[in-house]
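Novice: Following this line is entry_12.csv, made up of CSV, C-alpha atoms and all ligand atoms:
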chain,number,residue,atom,x,y,z
A,1,MET,CA,0.0,0.0,0.0
A,2,ALA,CA,2.7,2.5,1.0
A,3,SER,CA,4.9,1.4,-1.8
A,4,GLN,CA,2.1,2.0,-4.3
A,5,LYS,CA,1.9,5.6,-3.1
A,6,MET,CA,5.6,6.0,-3.5
A,7,VAL,CA,5.4,4.6,-7.1
A,8,LEU,CA,2.6,7.0,-8.0
A,9,PHE,CA,4.6,9.9,-6.4
A,10,GLY,CA,7.6,8.9,-8.5
A,11,TYR,CA,5.4,8.9,-11.7
A,12,LEU,CA,4.1,12.4,-10.8
A,13,MET,CA,7.7,13.7,-10.3
A,14,VAL,CA,8.8,12.3,-13.6
A,15,ALA,CA,5.8,13.8,-15.3
A,16,ALA,CA,6.6,17.2,-13.7
A,17,ALA,CA,10.2,16.9,-14.9
A,18,LEU,CA,9.1,16.0,-18.5
A,19,LEU,CA,6.6,18.9,-18.6
A,20,ILE,CA,9.2,21.4,-17.5
A,21,GLY,CA,11.9,20.0,-19.8
A,22,ALA,CA,9.6,19.9,-22.8
A,23,THR,CA,8.7,23.6,-22.8
A,24,ALA,CA,11.9,24.8,-24.6
A,25,ASP,CA,10.5,27.2,-27.2
A,26,THR,CA,11.5,28.5,-30.7
A,27,HIS,CA,11.3,32.2,-31.4
A,28,THR,CA,11.6,33.4,-35.0
A,29,VAL,CA,12.9,37.0,-34.9
A,30,GLY,CA,10.4,39.4,-36.2
A,31,ASN,CA,7.8,36.7,-36.9
A,32,SER,CA,6.8,37.0,-40.6
A,33,LEU,CA,8.9,40.1,-41.0
A,34,GLY,CA,12.1,38.0,-40.4
A,35,TRP,CA,15.5,39.6,-40.0
A,36,THR,CA,15.6,42.7,-42.2
A,37,VAL,CA,15.7,46.4,-42.2
A,38,PRO,CA,12.4,47.1,-40.5
A,39,PRO,CA,10.1,49.5,-42.3
A,40,ALA,CA,9.6,51.8,-39.2
A,41,GLY,CA,12.9,51.4,-37.4
A,42,SER,CA,14.0,49.4,-34.4
A,43,VAL,CA,10.6,49.6,-32.7
A,44,ALA,CA,9.6,46.5,-34.8
A,45,TYR,CA,12.1,44.3,-33.0
A,46,LYS,CA,11.5,46.0,-29.6
A,47,THR,CA,7.8,45.2,-30.0
A,48,TRP,CA,8.5,41.7,-31.2
A,49,ALA,CA,10.9,41.0,-28.2
A,50,GLY,CA,8.3,42.5,-25.9
A,51,THR,CA,5.7,40.0,-27.0
A,52,ARG,CA,7.9,37.0,-26.5
A,53,ASP,CA,8.4,35.0,-23.3
A,54,PHE,CA,12.0,34.0,-23.6
A,55,ALA,CA,13.5,31.3,-21.3
A,56,ALA,CA,16.9,29.8,-21.0
A,57,GLY,CA,17.1,26.8,-23.3
A,58,ASP,CA,14.9,28.5,-25.9
A,59,THR,CA,16.1,28.8,-29.5
A,60,VAL,CA,16.1,32.2,-31.3
A,61,VAL,CA,16.0,31.8,-35.1
A,62,PHE,CA,17.2,34.6,-37.4
A,63,GLN,CA,15.9,34.2,-41.0
A,64,TRP,CA,16.7,36.5,-43.8
A,65,SER,CA,17.1,36.9,-47.6
A,66,ASN,CA,19.3,39.3,-49.4
A,67,THR,CA,22.5,40.5,-47.7
A,68,HIS,CA,22.3,40.7,-43.9
A,69,THR,CA,24.3,39.3,-41.0
A,70,VAL,CA,23.8,38.4,-37.4
A,71,ALA,CA,26.5,39.8,-35.1
A,72,GLN,CA,26.3,39.2,-31.3
A,73,VAL,CA,27.7,42.3,-29.6
A,74,ASN,CA,27.8,43.8,-26.1
A,75,GLN,CA,25.5,46.6,-25.0
A,76,SER,CA,27.9,49.4,-26.2
A,77,GLY,CA,28.2,47.7,-29.6
A,78,TYR,CA,24.4,47.5,-29.7
A,79,ASP,CA,24.0,51.2,-28.7
A,80,ALA,CA,26.6,52.3,-31.1
A,81,CYS,CA,25.7,49.9,-33.9
A,82,SER,CA,29.2,48.6,-34.0
A,83,ALA,CA,30.2,45.0,-34.7
A,84,THR,CA,33.9,45.8,-34.2
A,85,ASN,CA,33.9,43.8,-31.0
A,86,ALA,CA,31.5,41.1,-32.1
A,87,ILE,CA,31.2,38.1,-29.8
A,88,GLY,CA,32.2,35.1,-31.8
A,89,GLU,CA,31.8,35.0,-35.6
A,90,ILE,CA,29.5,37.1,-37.6
A,91,HIS,CA,26.9,34.9,-39.2
A,92,THR,CA,26.4,35.5,-42.9
A,93,SER,CA,24.1,32.7,-44.0
A,94,SER,CA,20.4,32.3,-43.0
A,95,PRO,CA,19.1,30.8,-40.9
A,96,TYR,CA,21.2,31.4,-37.8
A,97,ASN,CA,19.9,29.6,-34.6
A,98,PHE,CA,20.9,31.0,-31.3
A,99,THR,CA,20.3,29.1,-28.0
A,100,ILE,CA,19.5,31.3,-25.0
A,101,ALA,CA,21.9,30.1,-22.3
A,102,SER,CA,21.0,32.3,-19.3
A,103,THR,CA,19.0,35.2,-18.2
A,104,ASP,CA,21.8,37.6,-19.3
A,105,PRO,CA,20.8,40.1,-21.9
A,106,TYR,CA,21.9,39.2,-25.5
A,107,TYR,CA,22.4,41.9,-28.1
A,108,PHE,CA,22.3,41.3,-31.9
A,109,ILE,CA,22.8,43.6,-34.8
A,110,CYS,CA,23.2,43.4,-38.6
A,111,SER,CA,26.8,44.5,-39.5
A,112,ILE,CA,26.0,45.4,-43.1
A,113,ASP,CA,26.2,49.1,-44.1
A,114,ASN,CA,23.8,51.2,-41.9
A,115,HIS,CA,21.2,48.5,-41.4
A,116,CYS,CA,21.6,48.5,-37.6
A,117,LYS,CA,21.1,52.3,-37.4
A,118,LEU,CA,18.0,51.8,-39.5
A,119,GLY,CA,16.7,49.5,-36.8
A,120,MET,CA,18.1,46.1,-37.6
A,121,LYS,CA,19.0,45.3,-34.0
A,122,VAL,CA,17.4,43.3,-31.2
A,123,LYS,CA,17.9,42.7,-27.5
A,124,ILE,CA,16.8,39.4,-26.1
A,125,GLN,CA,16.6,38.6,-22.4
A,126,ALA,CA,15.1,35.5,-20.8
A,127,GLY,CA,12.9,35.8,-17.7
A,128,ALA,CA,13.6,33.7,-14.6
A,129,ALA,CA,11.0,31.2,-15.8
A,130,SER,CA,8.4,31.2,-18.6
A,131,SER,CA,4.7,31.4,-17.7
A,132,LEU,CA,4.3,28.0,-19.5
A,133,ASN,CA,6.8,26.4,-17.1
A,134,ALA,CA,5.1,28.0,-14.2
A,135,SER,CA,1.6,26.9,-15.2
A,136,ALA,CA,2.8,23.3,-16.0
A,137,PHE,CA,4.5,23.1,-12.6
A,138,PHE,CA,1.5,24.5,-10.8
A,139,THR,CA,-0.7,21.9,-12.5
A,140,ILE,CA,1.6,19.2,-11.1
A,141,LEU,CA,1.6,20.7,-7.6
A,142,VAL,CA,-2.2,20.8,-7.6
A,143,ALA,CA,-2.2,17.1,-8.7
A,144,LEU,CA,0.2,16.2,-5.9
A,145,ALA,CA,-1.8,18.2,-3.3
A,146,THR,CA,-5.0,16.5,-4.4
A,147,TYR,CA,-3.5,13.1,-4.2
A,148,PHE,CA,-1.9,13.5,-0.8
A,149,SER,CA,-5.0,15.1,0.7
A,150,SER,CA,-7.0,12.1,-0.5
A,151,LEU,CA,-4.8,9.9,1.6
A,152,VAL,CA,-5.9,11.4,4.9
B,1,CU,CU,21.2,43.9,-42.7
Let me see the file written as C-alpha cells.
Specialist:
Amino acid sequence: MASQKMVLFGYLMVAAALLIGATADTHTVGNSLGWTVPPAGSVAYKTWAGTRDFAAGDTVVFQWSNTHTVAQVNQSGYDACSATNAIGEIHTSSPYNFTIASTDPYYFICSIDNHCKLGMKVKIQAGAASSLNASAFFTILVALATYFSSLV
C-alpha cells in the first residue's frame, strides 16, 4: 500500500520533470517580417521581443534573404551599432539559430552598411521562468496536493 503511493509519487515527479523540460521554445525573430531592415525602425524588434516570453534553453531563429548578417555584440556595440567587438563569428548565412543560455541580456545587430542604425538590432533577455513552465509546474503541484489530501 505504502509502496504503491511511492510509485505514484515517482510517476508524478517524472511527469513534472518532463513537462518542465519539454517547454523549450523556438522564437523566429520578427515573426513573418524576419530579420531585415524594418520599415519603421528598431521599434519593430523591440515590439517583437516584448511579446515573447524568452526562457533559458529556448532557440532564437534569425531568418533572412538578401545581404544581412547576425553579429552578437555587447551593450555598447548595440547602442553604437558597431560590430567591431562582435562576440564570436559574424553569421552571414540564413538561418542562424541561437540558443539562450542564461538570463543575461543578449544583443544582436546586422553588421551590413547602416542596417543597424535603420533599426536592424534586437535585444533578447530571458525571464527567470516562462509562464508556461510556471503553469505546468502549478498543475503538477495541484495534482500532488489533491493526491496527498485524498490519503488522509
Ligand atoms: Cu542587414
Novice: What gap, in Å, lies between atom CA of Thr99 of chain A and atom CA of Asp58 of chain A?
Specialist: 5.8 Å
Novice: Mind checking which residues fall within 10 Å of Ala44 of chain A, counting all atoms listed in the file, ignoring those fewer than 2 positions away in the same chain, and posting them as a PyMOL selection string?
Specialist: chain A and resi 30+33+37-42+46-50+119-122
Novice: Using only C-alpha atoms and all ligand atoms, what table do you get, as a Markdown table, when you list each residue of chain A with an atom no more than 10 Å from ligand CU 1 (chain B), its nearest pair of atoms, and their distance in Å rounded to one decimal, rows by chain then rising number?
Specialist:
| residue | atom | partner | partner_atom | distance |
| --- | --- | --- | --- | --- |
| A:Trp35 | CA | B:CU1 | CU | 7.6 |
| A:Thr36 | CA | B:CU1 | CU | 5.7 |
| A:Val37 | CA | B:CU1 | CU | 6.1 |
| A:Pro38 | CA | B:CU1 | CU | 9.6 |
| A:Trp64 | CA | B:CU1 | CU | 8.7 |
| A:Ser65 | CA | B:CU1 | CU | 9.5 |
| A:Asn66 | CA | B:CU1 | CU | 8.3 |
| A:Thr67 | CA | B:CU1 | CU | 6.2 |
| A:His68 | CA | B:CU1 | CU | 3.6 |
| A:Thr69 | CA | B:CU1 | CU | 5.8 |
| A:Val70 | CA | B:CU1 | CU | 8.1 |
| A:Thr92 | CA | B:CU1 | CU | 9.9 |
| A:Ile109 | CA | B:CU1 | CU | 8.1 |
| A:Cys110 | CA | B:CU1 | CU | 4.6 |
| A:Ser111 | CA | B:CU1 | CU | 6.5 |
| A:Ile112 | CA | B:CU1 | CU | 5.0 |
| A:Asp113 | CA | B:CU1 | CU | 7.3 |
| A:Asn114 | CA | B:CU1 | CU | 7.8 |
| A:His115 | CA | B:CU1 | CU | 4.8 |
| A:Cys116 | CA | B:CU1 | CU | 6.9 |
| A:Lys117 | CA | B:CU1 | CU | 9.9 |
| A:Leu118 | CA | B:CU1 | CU | 9.1 |
| A:Gly119 | CA | B:CU1 | CU | 9.3 |
| A:Met120 | CA | B:CU1 | CU | 6.4 |
| A:Lys121 | CA | B:CU1 | CU | 9.1 |
Novice: What is the distance, in Å and to one decimal place, between atom CA of Gly57 of chain A and atom CA of His27 of chain A?
Specialist: 11.3 Å
Novice: Between atom CA of Ser76 of chain A and atom CA of Asn31 of chain A, what is the distance, to one decimal in Å?
Specialist: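 Separating atom CA of Ser76 of chain A from atom CA of Asn31 of chain A is a distance of 26.1 Å.
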Novice: With distances taken over all atoms listed in the file, which residue among A:Val29, A:Val142, A:Glu89, A:Tyr147 lies nearest Phe54 of chain A?
Specialist: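 Closest candidate: A:Val29.
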Novice: As a ChimeraX atom specification, please: the residues near Asp104 of chain A (cut-off 9 Å, all atoms listed in the file, same-chain neighbours under 6 positions excluded).
Specialist: /A:124-126
Novice: Between A:Tyr107, A:Gly127, A:Val43, A:Gly88, which is the closest to Ala55 of chain A once you count all atoms listed in the file?
Specialist: A:Gly127
Novice: Excluding Thr84 of chain A and residues on its chain fewer than 6 positions from it, collect all residues at most 10 Å away from it, counting all atoms listed in the file, and give them as a compact mmCIF listing (two decimals) with C-alpha atoms, keeping the file's coordinate frame.
Specialist:
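The result, stored in around.txt:
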# COMPACT_ATOMS: atom_id res chain seq x y z
CA ALA A 71 26.50 39.80 -35.10
CA VAL A 73 27.70 42.30 -29.60
CA GLY A 77 28.20 47.70 -29.60
CA SER A 111 26.80 44.50 -39.50
